Each structure stands twice: as C-alpha cells, then as structure tokens.
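Engineer: I'm passing along structure_35.tsv; it holds TSV, C-alpha atoms and all ligand atoms.
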chain	number	residue	atom	x	y	z
A	1	MET	CA	-123.27	41.24	-28.70
A	2	SER	CA	-124.99	41.07	-32.04
A	3	LYS	CA	-123.37	42.77	-34.99
A	4	LYS	CA	-124.57	46.17	-36.08
A	5	ARG	CA	-126.45	46.23	-39.33
A	6	ILE	CA	-125.13	48.10	-42.35
A	7	LEU	CA	-127.00	49.14	-45.43
A	8	THR	CA	-125.23	50.83	-48.29
A	9	GLY	CA	-125.39	50.71	-52.04
A	10	HIS	CA	-124.62	52.05	-55.45
A	11	ARG	CA	-126.70	53.09	-58.41
A	12	PRO	CA	-125.97	50.58	-61.20
A	13	THR	CA	-124.52	53.06	-63.65
A	14	GLY	CA	-122.12	50.56	-65.25
A	15	PRO	CA	-118.91	48.69	-64.46
A	16	ARG	CA	-116.94	49.78	-61.39
A	17	HIS	CA	-113.56	51.49	-61.67
A	18	ILE	CA	-110.52	51.36	-59.42
A	19	GLY	CA	-111.70	54.57	-57.71
A	20	HIS	CA	-114.75	52.62	-56.49
A	21	LEU	CA	-112.41	49.82	-55.47
A	22	VAL	CA	-110.13	51.80	-53.18
A	23	GLY	CA	-112.79	54.32	-52.10
A	24	THR	CA	-115.64	51.94	-51.39
A	25	LEU	CA	-115.48	48.27	-52.26
A	26	GLU	CA	-112.39	47.41	-50.21
A	27	ASN	CA	-114.04	49.11	-47.25
A	28	TRP	CA	-117.27	47.15	-47.75
A	29	LYS	CA	-115.25	43.95	-48.01
A	30	ARG	CA	-113.64	44.59	-44.61
A	31	LEU	CA	-116.92	45.61	-43.00
A	32	GLN	CA	-118.30	42.15	-43.71
A	33	ASP	CA	-116.08	40.84	-40.89
A	34	THR	CA	-117.57	43.13	-38.27
A	35	HIS	CA	-121.10	43.94	-39.41
A	36	GLU	CA	-124.21	42.37	-40.81
A	37	CYS	CA	-124.15	43.86	-44.30
A	38	PHE	CA	-126.87	44.66	-46.82
A	39	PHE	CA	-125.63	45.92	-50.19
A	40	LEU	CA	-128.26	47.60	-52.31
A	41	VAL	CA	-128.38	47.74	-56.09
A	42	ALA	CA	-130.28	51.03	-56.26
A	43	ASP	CA	-131.79	50.65	-59.72
A	44	LEU	CA	-134.85	52.82	-59.02
A	45	HIS	CA	-132.51	55.68	-58.22
A	46	VAL	CA	-131.04	55.39	-61.73
A	47	LEU	CA	-134.39	56.45	-63.16
A	48	THR	CA	-134.46	59.80	-61.35
A	49	THR	CA	-132.53	61.79	-63.92
A	50	GLY	CA	-134.64	60.73	-66.89
A	51	ASN	CA	-131.79	59.52	-69.11
A	52	ALA	CA	-131.76	55.98	-67.82
A	53	GLN	CA	-131.42	54.18	-71.17
A	54	PRO	CA	-133.76	51.25	-70.46
A	55	GLU	CA	-131.84	48.89	-72.73
A	56	ARG	CA	-128.74	49.30	-70.57
A	57	ILE	CA	-130.10	48.93	-67.04
A	58	GLN	CA	-130.05	45.14	-66.84
A	59	GLY	CA	-126.54	44.89	-68.27
A	60	ASN	CA	-125.35	47.61	-65.90
A	61	ILE	CA	-126.82	45.76	-62.93
A	62	LEU	CA	-125.07	42.50	-63.82
A	63	ASN	CA	-121.78	44.22	-64.60
A	64	MET	CA	-121.81	46.10	-61.32
A	65	LEU	CA	-122.73	42.96	-59.42
A	66	ALA	CA	-119.91	40.97	-61.06
A	67	ASP	CA	-117.49	43.72	-60.01
A	68	TRP	CA	-118.79	43.76	-56.44
A	69	LEU	CA	-118.32	40.00	-56.17
A	70	ALA	CA	-114.90	40.14	-57.83
A	71	ALA	CA	-113.86	42.78	-55.31
A	72	GLY	CA	-114.76	40.50	-52.41
A	73	ILE	CA	-118.39	41.14	-51.57
A	74	ASP	CA	-119.36	37.71	-50.32
A	75	PRO	CA	-122.97	36.66	-50.87
A	76	SER	CA	-122.64	33.83	-48.36
A	77	ARG	CA	-122.10	36.41	-45.61
A	78	SER	CA	-123.84	39.52	-46.90
A	79	THR	CA	-127.23	40.23	-48.40
A	80	ILE	CA	-127.36	41.75	-51.86
A	81	VAL	CA	-130.66	43.46	-52.53
A	82	LEU	CA	-132.19	44.54	-55.83
A	83	GLN	CA	-134.24	47.60	-54.92
A	84	SER	CA	-136.89	47.48	-57.66
A	85	ILE	CA	-137.84	43.87	-56.95
A	86	ILE	CA	-138.91	44.69	-53.39
A	87	PRO	CA	-141.91	47.03	-53.64
A	88	GLU	CA	-141.62	47.84	-49.93
A	89	HIS	CA	-138.82	50.31	-50.82
A	90	ALA	CA	-141.27	52.40	-52.84
A	91	GLN	CA	-144.08	51.90	-50.34
A	92	LEU	CA	-142.06	53.07	-47.35
A	93	SER	CA	-140.78	55.97	-49.43
A	94	LEU	CA	-144.39	57.04	-50.00
A	95	LEU	CA	-145.09	56.94	-46.26
A	96	PHE	CA	-141.91	58.93	-45.56
A	97	SER	CA	-142.86	61.52	-48.16
A	98	MET	CA	-145.56	62.60	-45.69
A	99	LEU	CA	-142.92	63.38	-43.07
A	100	THR	CA	-140.81	65.87	-44.94
A	101	THR	CA	-141.53	69.14	-46.72
A	102	VAL	CA	-140.99	70.06	-50.34
A	103	ALA	CA	-138.90	73.04	-49.15
A	104	ARG	CA	-136.61	70.73	-47.17
A	105	LEU	CA	-135.97	68.62	-50.26
A	106	GLU	CA	-135.46	71.64	-52.49
A	107	ARG	CA	-132.65	72.76	-50.18
A	108	MET	CA	-130.72	69.50	-50.62
A	109	PRO	CA	-127.29	70.35	-52.08
A	110	THR	CA	-127.34	67.22	-54.24
A	111	TYR	CA	-130.66	68.28	-55.76
A	112	LYS	CA	-129.46	71.82	-56.41
A	113	GLU	CA	-126.37	70.48	-58.17
A	114	GLN	CA	-128.34	68.02	-60.25
A	115	ILE	CA	-130.81	70.59	-61.53
A	116	LYS	CA	-127.93	72.76	-62.63
A	117	GLU	CA	-126.57	69.88	-64.72
A	118	LEU	CA	-129.90	68.68	-66.14
A	119	ASN	CA	-131.27	70.44	-69.14
A	120	LEU	CA	-134.75	69.13	-68.37
A	121	PRO	CA	-137.09	70.38	-65.65
A	122	PRO	CA	-136.46	68.17	-62.60
A	123	SER	CA	-138.90	65.33	-61.99
A	124	LEU	CA	-140.75	64.72	-58.76
A	125	GLY	CA	-138.69	61.53	-58.50
A	126	LEU	CA	-135.45	63.53	-58.49
A	127	LEU	CA	-136.79	65.75	-55.71
A	128	THR	CA	-137.76	62.73	-53.60
A	129	TYR	CA	-134.53	60.83	-54.31
A	130	PRO	CA	-133.35	61.29	-50.70
A	131	VAL	CA	-136.72	60.11	-49.35
A	132	LEU	CA	-136.35	56.85	-51.27
A	133	GLN	CA	-132.82	56.57	-49.93
A	134	ALA	CA	-134.10	57.05	-46.36
A	135	ALA	CA	-136.60	54.25	-47.04
A	136	ASP	CA	-133.76	52.01	-48.35
A	137	ILE	CA	-131.92	52.42	-45.08
A	138	LEU	CA	-134.76	52.38	-42.58
A	139	LEU	CA	-136.60	49.48	-44.22
A	140	TYR	CA	-133.85	47.25	-42.81
A	141	LYS	CA	-133.46	49.32	-39.63
A	142	ALA	CA	-129.78	49.72	-40.52
A	143	GLN	CA	-127.65	51.42	-37.87
A	144	VAL	CA	-124.63	52.24	-39.98
A	145	VAL	CA	-124.40	53.58	-43.54
A	146	PRO	CA	-120.92	53.68	-45.14
A	147	VAL	CA	-120.94	56.45	-47.74
A	148	GLY	CA	-118.83	59.12	-49.37
A	149	GLU	CA	-118.98	62.69	-48.19
A	150	ASP	CA	-121.38	63.76	-50.95
A	151	GLN	CA	-124.04	61.50	-49.45
A	152	LEU	CA	-124.00	63.03	-45.96
A	153	PRO	CA	-127.03	65.30	-46.54
A	154	HIS	CA	-129.01	62.20	-47.51
A	155	ILE	CA	-128.05	60.38	-44.34
A	156	GLU	CA	-129.04	63.47	-42.37
A	157	LEU	CA	-132.49	63.33	-43.96
A	158	ALA	CA	-132.77	59.63	-43.10
A	159	ARG	CA	-131.94	60.48	-39.48
A	160	GLU	CA	-134.52	63.25	-39.41
A	161	THR	CA	-137.11	60.95	-40.94
A	162	ALA	CA	-136.45	58.29	-38.30
A	163	ARG	CA	-136.73	60.88	-35.52
A	164	ARG	CA	-139.91	62.39	-36.91
A	165	PHE	CA	-141.52	58.99	-37.38
A	166	ASN	CA	-140.55	57.89	-33.87
A	167	GLN	CA	-141.82	61.11	-32.29
A	168	THR	CA	-145.12	60.97	-34.11
A	169	TYR	CA	-145.91	57.26	-34.11
A	170	GLY	CA	-143.71	55.73	-31.39
A	171	GLU	CA	-140.22	54.28	-31.34
A	172	THR	CA	-139.74	52.30	-34.56
A	173	PHE	CA	-136.52	53.16	-36.41
A	174	PRO	CA	-132.92	53.50	-35.21
A	175	GLU	CA	-131.22	56.74	-36.25
A	176	PRO	CA	-128.65	55.55	-38.78
A	177	GLU	CA	-125.09	56.81	-38.57
A	178	ALA	CA	-122.95	57.66	-41.57
A	179	LEU	CA	-119.58	55.95	-41.73
A	180	LEU	CA	-117.28	58.05	-43.89
A	181	SER	CA	-114.77	56.19	-45.99
A	182	LYS	CA	-111.22	57.24	-45.11
A	183	ALA	CA	-109.69	56.54	-48.50
A	184	ALA	CA	-108.75	59.61	-50.51
A	185	ARG	CA	-110.46	60.11	-53.86
A	186	LEU	CA	-108.44	58.53	-56.59
A	187	PRO	CA	-107.46	60.81	-59.46
A	188	GLY	CA	-108.34	59.69	-62.97
A	189	VAL	CA	-105.74	59.34	-65.70
A	190	ASP	CA	-106.21	63.06	-66.50
A	191	ASN	CA	-105.76	64.04	-62.83
A	192	ARG	CA	-109.41	65.07	-62.34
A	193	THR	CA	-111.45	62.91	-59.93
A	194	MET	CA	-112.01	59.49	-61.46
A	195	HIS	CA	-115.51	59.43	-62.87
A	196	THR	CA	-117.22	57.24	-65.48
A	197	SER	CA	-118.60	60.25	-67.33
A	198	TYR	CA	-115.18	61.95	-67.59
A	199	GLY	CA	-113.72	59.07	-69.62
A	200	ASN	CA	-110.70	59.02	-67.28
A	201	ALA	CA	-111.35	55.79	-65.40
A	202	ILE	CA	-109.51	52.50	-65.21
A	203	TYR	CA	-112.14	49.79	-64.85
A	204	LEU	CA	-111.81	46.62	-62.81
A	205	ARG	CA	-112.58	44.69	-65.95
A	206	ASP	CA	-110.01	46.45	-68.17
A	207	SER	CA	-107.65	44.04	-69.91
A	208	ASP	CA	-103.90	44.22	-69.33
A	209	GLU	CA	-103.59	46.06	-72.64
A	210	GLU	CA	-106.24	48.62	-71.73
A	211	VAL	CA	-104.59	49.25	-68.38
A	212	GLU	CA	-101.27	49.70	-70.20
A	213	ARG	CA	-102.73	52.13	-72.72
A	214	LYS	CA	-104.39	54.21	-70.00
A	215	VAL	CA	-101.39	54.28	-67.67
A	216	MET	CA	-98.95	55.16	-70.44
A	217	SER	CA	-101.17	58.12	-71.39
A	218	MET	CA	-101.47	59.28	-67.81
A	219	TYR	CA	-101.01	62.86	-66.72
A	220	THR	CA	-97.79	63.32	-64.75
A	221	ASP	CA	-95.87	66.50	-64.09
A	222	PRO	CA	-96.64	69.08	-66.78
A	223	MET	CA	-93.57	71.14	-65.80
A	224	ARG	CA	-91.21	68.34	-66.63
A	225	ILE	CA	-90.12	68.15	-70.23
A	226	HIS	CA	-87.02	65.93	-70.14
A	227	ALA	CA	-86.40	62.89	-67.96
A	228	THR	CA	-83.39	64.72	-66.60
A	229	ASP	CA	-85.50	67.63	-65.28
A	230	PRO	CA	-86.29	67.42	-61.56
A	231	GLY	CA	-89.94	66.26	-61.27
A	232	HIS	CA	-92.80	66.75	-58.83
A	233	VAL	CA	-94.05	63.73	-56.97
A	234	ASP	CA	-96.78	65.29	-54.81
A	235	GLY	CA	-100.11	65.39	-56.58
A	236	ASN	CA	-98.66	63.42	-59.49
A	237	PRO	CA	-101.21	60.64	-60.13
A	238	VAL	CA	-98.58	58.12	-61.18
A	239	PHE	CA	-97.12	58.34	-57.69
A	240	VAL	CA	-100.53	58.47	-56.02
A	241	TYR	CA	-101.21	55.12	-57.70
A	242	HIS	CA	-97.80	53.68	-56.78
A	243	ASP	CA	-98.44	54.65	-53.16
A	244	ILE	CA	-101.76	52.82	-53.15
A	245	PHE	CA	-101.16	49.80	-55.34
A	246	ASN	CA	-97.43	49.02	-55.24
A	247	PRO	CA	-96.68	46.66	-52.34
A	248	ASP	CA	-92.92	47.31	-52.67
A	249	LYS	CA	-92.64	50.48	-50.60
A	250	ALA	CA	-88.84	50.63	-50.90
A	251	GLU	CA	-89.13	50.67	-54.67
A	252	VAL	CA	-91.70	53.50	-54.51
A	253	ALA	CA	-89.41	55.53	-52.22
A	254	GLU	CA	-86.53	55.04	-54.62
A	255	PHE	CA	-88.65	56.02	-57.64
A	256	LYS	CA	-89.63	59.20	-55.84
A	257	THR	CA	-86.09	60.16	-54.96
A	258	CYS	CA	-84.87	59.52	-58.50
A	259	TYR	CA	-87.83	61.38	-59.99
A	260	ARG	CA	-87.20	64.44	-57.86
A	261	GLU	CA	-83.55	64.38	-58.89
A	262	GLY	CA	-84.27	63.92	-62.61
A	263	LYS	CA	-82.72	60.46	-62.70
A	264	ILE	CA	-85.68	58.47	-63.91
A	265	GLY	CA	-88.15	59.04	-66.74
A	266	ASP	CA	-91.95	58.96	-66.70
A	267	VAL	CA	-91.94	55.94	-68.98
A	268	GLU	CA	-90.02	53.75	-66.57
A	269	VAL	CA	-92.20	54.68	-63.59
A	270	LYS	CA	-95.31	54.10	-65.66
A	271	ARG	CA	-94.12	50.76	-67.04
A	272	ARG	CA	-93.70	49.50	-63.53
A	273	LEU	CA	-97.14	50.88	-62.58
A	274	VAL	CA	-98.71	48.90	-65.43
A	275	GLU	CA	-97.22	45.71	-63.97
A	276	VAL	CA	-98.31	46.62	-60.47
A	277	LEU	CA	-101.89	47.42	-61.46
A	278	ASN	CA	-102.27	44.35	-63.62
A	279	ALA	CA	-101.00	42.14	-60.81
A	280	TYR	CA	-103.45	43.83	-58.46
A	281	LEU	CA	-106.38	43.28	-60.81
A	282	ALA	CA	-105.49	39.72	-61.90
A	283	PRO	CA	-107.32	37.88	-59.09
A	284	LEU	CA	-110.35	40.14	-59.61
A	285	HIS	CA	-110.38	39.34	-63.32
A	286	GLU	CA	-110.34	35.66	-62.57
A	287	LYS	CA	-113.31	35.88	-60.23
A	288	ARG	CA	-115.18	38.21	-62.53
A	289	ALA	CA	-114.69	35.90	-65.50
A	290	GLU	CA	-116.19	33.03	-63.54
A	291	TYR	CA	-119.37	34.99	-62.88
A	292	ILE	CA	-119.60	36.45	-66.36
A	293	SER	CA	-119.30	33.02	-67.93
A	294	HIS	CA	-122.08	31.74	-65.62
A	295	PRO	CA	-124.56	34.63	-65.52
A	296	LYS	CA	-127.02	32.30	-63.81
A	297	MET	CA	-124.82	32.53	-60.73
A	298	LEU	CA	-125.30	36.30	-60.71
A	299	LEU	CA	-129.06	35.93	-60.91
A	300	GLU	CA	-128.97	33.40	-58.07
A	301	VAL	CA	-127.03	35.84	-55.89
A	302	LEU	CA	-129.67	38.49	-56.53
A	303	PHE	CA	-132.50	36.08	-55.96
A	304	SER	CA	-131.28	34.67	-52.66
A	305	GLY	CA	-130.44	38.12	-51.30
A	306	THR	CA	-133.81	39.43	-52.34
A	307	VAL	CA	-135.68	36.59	-50.64
A	308	LYS	CA	-133.89	37.32	-47.37
A	309	ALA	CA	-134.39	41.07	-47.64
A	310	LYS	CA	-138.05	40.77	-48.63
A	311	PHE	CA	-138.84	39.03	-45.36
A	312	ILE	CA	-137.43	41.91	-43.29
A	313	ALA	CA	-138.88	44.55	-45.59
A	314	GLN	CA	-142.37	43.12	-45.24
A	315	GLN	CA	-142.15	43.12	-41.46
A	316	THR	CA	-140.97	46.72	-41.29
A	317	LEU	CA	-143.62	47.93	-43.70
A	318	GLU	CA	-146.36	46.16	-41.72
A	319	GLU	CA	-145.08	47.81	-38.58
A	320	ALA	CA	-145.07	51.25	-40.21
A	321	TYR	CA	-148.60	50.71	-41.58
A	322	GLU	CA	-149.82	49.65	-38.18
A	323	LYS	CA	-148.22	52.58	-36.35
A	324	MET	CA	-149.57	55.05	-38.90
A	325	GLY	CA	-153.04	53.65	-38.34
A	326	LEU	CA	-153.45	51.94	-41.71
A	327	LEU	CA	-154.92	48.49	-42.16
A	328	HIS	CA	-152.31	45.79	-42.73
A	329	SER	CA	-152.36	42.05	-43.26
A	330	GLN	CA	-152.67	41.33	-39.51
A	331	SER	CA	-155.77	43.51	-39.38
A	332	PHE	CA	-157.61	40.80	-41.26
A	333	SER	CA	-156.86	37.94	-38.90
A	334	ASP	CA	-160.07	36.68	-37.30
A	335	LYS	CA	-158.94	37.45	-33.77
A	336	VAL	CA	-157.96	41.04	-34.47
A	337	LEU	CA	-161.11	41.55	-36.52
A	338	ALA	CA	-163.31	40.31	-33.71
A	339	ASN	CA	-161.66	42.64	-31.21
A	340	ASN	CA	-161.41	45.71	-33.37
A	341	ILE	CA	-164.35	45.69	-35.68
A	342	ALA	CA	-166.65	47.51	-33.30
A	343	GLY	CA	-164.00	50.14	-32.66
A	344	ILE	CA	-163.24	50.63	-36.33
A	345	PHE	CA	-166.85	51.40	-37.21
A	346	CYS	CA	-167.79	53.57	-34.27
A	401	LIG	N1	-127.43	57.63	-53.45
A	401	LIG	C1	-126.39	56.64	-53.36
A	401	LIG	C2	-125.29	57.02	-54.36
A	401	LIG	O1	-125.55	57.65	-55.37
A	401	LIG	C3	-126.90	55.26	-53.67
A	401	LIG	C4	-127.88	54.79	-52.64
A	401	LIG	C5	-129.21	54.53	-52.83
A	401	LIG	C6	-127.58	54.50	-51.28
A	401	LIG	N2	-129.76	54.09	-51.66
A	401	LIG	C7	-128.81	54.08	-50.70
A	401	LIG	C8	-126.42	54.59	-50.50
A	401	LIG	C9	-128.88	53.76	-49.35
A	401	LIG	C10	-126.50	54.26	-49.16
A	401	LIG	C11	-127.73	53.86	-48.57
A	401	LIG	O2	-124.16	56.63	-54.16
So that I can check it, write out the structure of this file as structure tokens.
Ligand code: TRP
Structural biologist:
Amino acid sequence: MSKKRILTGHRPTGPRHIGHLVGTLENWKRLQDTHECFFLVADLHVLTTGNAQPERIQGNILNMLADWLAAGIDPSRSTIVLQSIIPEHAQLSLLFSMLTTVARLERMPTYKEQIKELNLPPSLGLLTYPVLQAADILLYKAQVVPVGEDQLPHIELARETARRFNQTYGETFPEPEALLSKAARLPGVDNRTMHTSYGNAIYLRDSDEEVERKVMSMYTDPMRIHATDPGHVDGNPVFVYHDIFNPDKAEVAEFKTCYREGKIGDVEVKRRLVEVLNAYLAPLHEKRAEYISHPKMLLEVLFSGTVKAKFIAQQTLEEAYEKMGLLHSQSFSDKVLANNIAGIFC
C-alpha cells in the first residue's frame, strides 16, 4: 500500500524553540517513517498581519529551515516547499475563494482573535488566510495534516472546500484529516505557554550559557521560600522539563520526592536541568552549525524540494482549471483544439 501523503508547515517567524521541538518537530520527524511528507515554509502567510518586516523574512526562512533540519527533518526523504516560489499556491487560493463566503471566513475563531490583537483594520489577505491554507493542503492532495489544536478550524475549512469543489466540479480532492499532536504544550521559563513574542522561550540555537541563564531564572514554586520548605512539583515547569528531557527517570523521581519533602533546593534541580537540556540540544547544535556555515546547502534543500513540489502543483492546478471550465495549457494542444474549437465558439 502506498504511504499516505502529509502536508504541514510553519510560518517562518524566526528560529524555533524547544516548544516547537517537543510539540511539532519530533512528531514530524517520526512521521517521515510512515508517510510521504511535504513540509511547507508558509512565507506568504507571514504577510497577512501587515507587520512582516521585509528585511527579516529571508533570514527567518533560513533560520527556521536550519532548525527543521537540525531537528531531523530529512530532505532526502521529505519535500520542503517554499510557498511563495510556487505561484500555484496563490492561484489555487484564488479559485477556492469562489467556493466560500465572506461570512464563513469572518466567523473563523483565528480571524476574530487576530483582529482583536491588531491595531490596524484587517486586510483582505488576513480574512482569506484559511483559504490560502486550504490551497496549500489540497494543491498536493494531502490526506493528513498534522497540526496543533488552534489550526483545527482551518483544516475544517479545507475539508469543506474539498467537498464543495468535488460536488460542483467532480471528484478531485481528498478530504484531508487533521492529525493532532499529542504532546502537551511546553511552558515557557515564566510558566506561560512558550511563545516567541512572550520572550520566555528557549531556542534550539541557544548556546549552553543562554540555556543556563534562562533555566536558572525559571519560574518554580512561588510558595516556596526556603529550600527546606516542602515544594510543589505538579505544574512546576522545572519538573515538566525534567519529565520530558531527562532520560534518567529514577533521578527525576528522586528529585521530586526530595523537593516535596523540602530536602533539595531549586538551584540543584535547575543545575541538573541545564546539563540535561544542553546534552539534549548538543547534537542539534552540531547539525545546525553545519548548515549555517554552508548556507548554500540550505538553498539547495529549498530548491530541490521546490522543483519536486512544482511538478505536482502544476498538475493539480491544470486539473482544477479544466474542471472549472477554464482554458489551460492542454487546451492549446493541436488535437484538443481541433476537437473543441467548434464547440468553444458555438
Ligand atoms: N497556519 C499554520 C500555522 O500558523 C501554517 C500553515 C500554512 C499550515 N499553511 C499550512 C499548516 C498548511 C498546515 C497546513 O501554524
């Protein structure tokens, strides 16, 4: 049986943090064994909020890509696609914009949230963000889309779009299924969700010293003043991290017992976490450094993925044009012209 096809992606907003790693990238890495994977660098989507900082986009793309590769995305097995280089994404999005209503898009929870945060009037591009995302997925006829929970309304729109297209123009697109990541959201060093814009993230590229500085300043148990006070382990990010990153489970269990009994201080538990995290990140740093010191390799990864994706994208767009009754490149072949010309002009 052939492998199911996956398409998923990120907006290149900058370097990836360890929340992306445990929430997403490790999952993507595993999925490469069982699926045919397309990973999209969704750079057009970055433009939707109007504060894209043009001078930073290219650097953000390369930084994100280096992190993906360091985390185990393997370009010899998976296809990495740069959205803006393949115009078919925008073209299919335009066709799909005919299949959904403005009211449907205005009801999107992601849109409603975004307009609350923006202090500008929302652009048309922000409203049609989920239409472009549906085009990203359906252009490759992907069957499975691994995403976080916040993206579910977008996948629902992609499914609706596929259904509507198929009903109107004939069976063309599979209805893609969302695959929810099971990993819990990682807290940031301040115990809110880890997020680039909160300044509470530990990045994959952070040096040993940066990791140390961030971990040592980490939020722990605010009720605990002295190391001899009994401490709380549940919901304490230092222990959340130990649970995820420390391979020595016996040590973690012992830390927890001692912490609850007031027999170990924050500093000791954190010191060990610094070692654990730095050991975890060391192989990623090595891989990342290789790519960063040979940026041409990064461009080659993008180029070869894009060539492969372009071929599929062109075929799907032709098919959609044909089914919607538009002229397409095949319409101009002599044979088709001879057969159809009379019909076209009557
Ligand atoms: N909207 C997604 C996000 O912000 C990024 C994205 C763009 C995407 N196109 C996609 C995700 C297609 C999955 C499939 O995370």
Engineer: Counting all atoms listed in the file, name the residues that have an atom within 7 Å of an atom of ligand LIG 401 (chain A); the answer should be given as a ChimeraX atom specification.
Structural biologist: /A:7-11,40,42,45,133-134,136-137,145-147,151
Engineer: Just how far from atom CA of A:Arg5 is atom CA of A:Asp67, in Å to one decimal?
Structural biologist: 22.7 Å
Engineer: Could you work out an axis-aligned box for stretch 213-230 of chain A, taking every atom the file lists and adding 6 Å on each side, and report centre and edge lengths in Å to one decimal, as JSON?
Structural biologist:
{"center_x": -93.9, "center_y": 61.6, "center_z": -67.1, "size_x": 33.0, "size_y": 31.0, "size_z": 23.2}
Engineer: Would you kindly identify which residues have an atom no farther than 12 Å from (-113.0, 52.1, -50.0), using all atoms listed in the file and the file's own coordinates, and write them out as a ChimeraX atom specification?
Structural biologist: /A:17-31,71-72,146-148,179-186,244
Engineer: Taking into account only C-alpha atoms, which residue in the set A:Leu273, A:Ile115, A:Ala313, A:Met98 is nearest to A:Thr168?
Structural biologist: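 Nearest candidate to A:Thr168 out of A:Leu273, A:Ile115, A:Ala313, A:Met98: A:Met98.
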Engineer: I'd like the neighbourhood of stretch 253-266 of chain A as a compact mmCIF listing (two decimals) with C-alpha atoms, keeping the file's coordinate frame, where a residue qualifies if any of its atoms comes within 6 Å (using all atoms listed in the file), though same-chain residues fewer than 6 positions away should be ignored.
Structural biologist:
# COMPACT_ATOMS: atom_id res chain seq x y z
CA ALA A 227 -86.40 62.89 -67.96
CA THR A 228 -83.39 64.72 -66.60
CA ASP A 229 -85.50 67.63 -65.28
CA PRO A 230 -86.29 67.42 -61.56
CA GLY A 231 -89.94 66.26 -61.27
Engineer: In Å to one decimal, how far is atom CA of A:Gln53 from atom CA of A:Thr13?
Structural biologist: 10.3 Å
Engineer: Between atom CA of A:Val144 and atom CA of A:Ile6, what is the spacing in Å?
Structural biologist: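 Computing it gives 4.8 Å between the two atoms.
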Engineer: For A:Tyr111, work out the shell of residues within 9 Å, counting all atoms listed in the file and skipping chain neighbours fewer than 6 positions away, then give it as a list in words.
Structural biologist: Leu105, Pro122, Leu126, Leu127 and Tyr129 of chain A
Engineer: So which one's closest to A:Val267, A:Gln315, A:Thr101, A:Asn236, A:Ser217? Using all atoms listed in the file, please.
Structural biologist: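 For A:Val267, the nearest of the candidates is A:Ser217.
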Engineer: List as a list in words the protein and nucleic acid residues near A:Phe245, meaning an atom at most 8 Å away when all atoms listed in the file are counted, but skip any in the same chain fewer than 6 places from it.
Structural biologist: Val276, Leu277 and Tyr280 of chain A
Engineer: My list of candidates is A:Pro121, A:Phe96, A:Ala201, A:Ser304. Which is closest to A:Met324 when distances are computed with all atoms listed in the file?
Structural biologist: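 Going through A:Pro121, A:Phe96, A:Ala201, A:Ser304 one by one, the smallest distance to A:Met324 is for A:Phe96.
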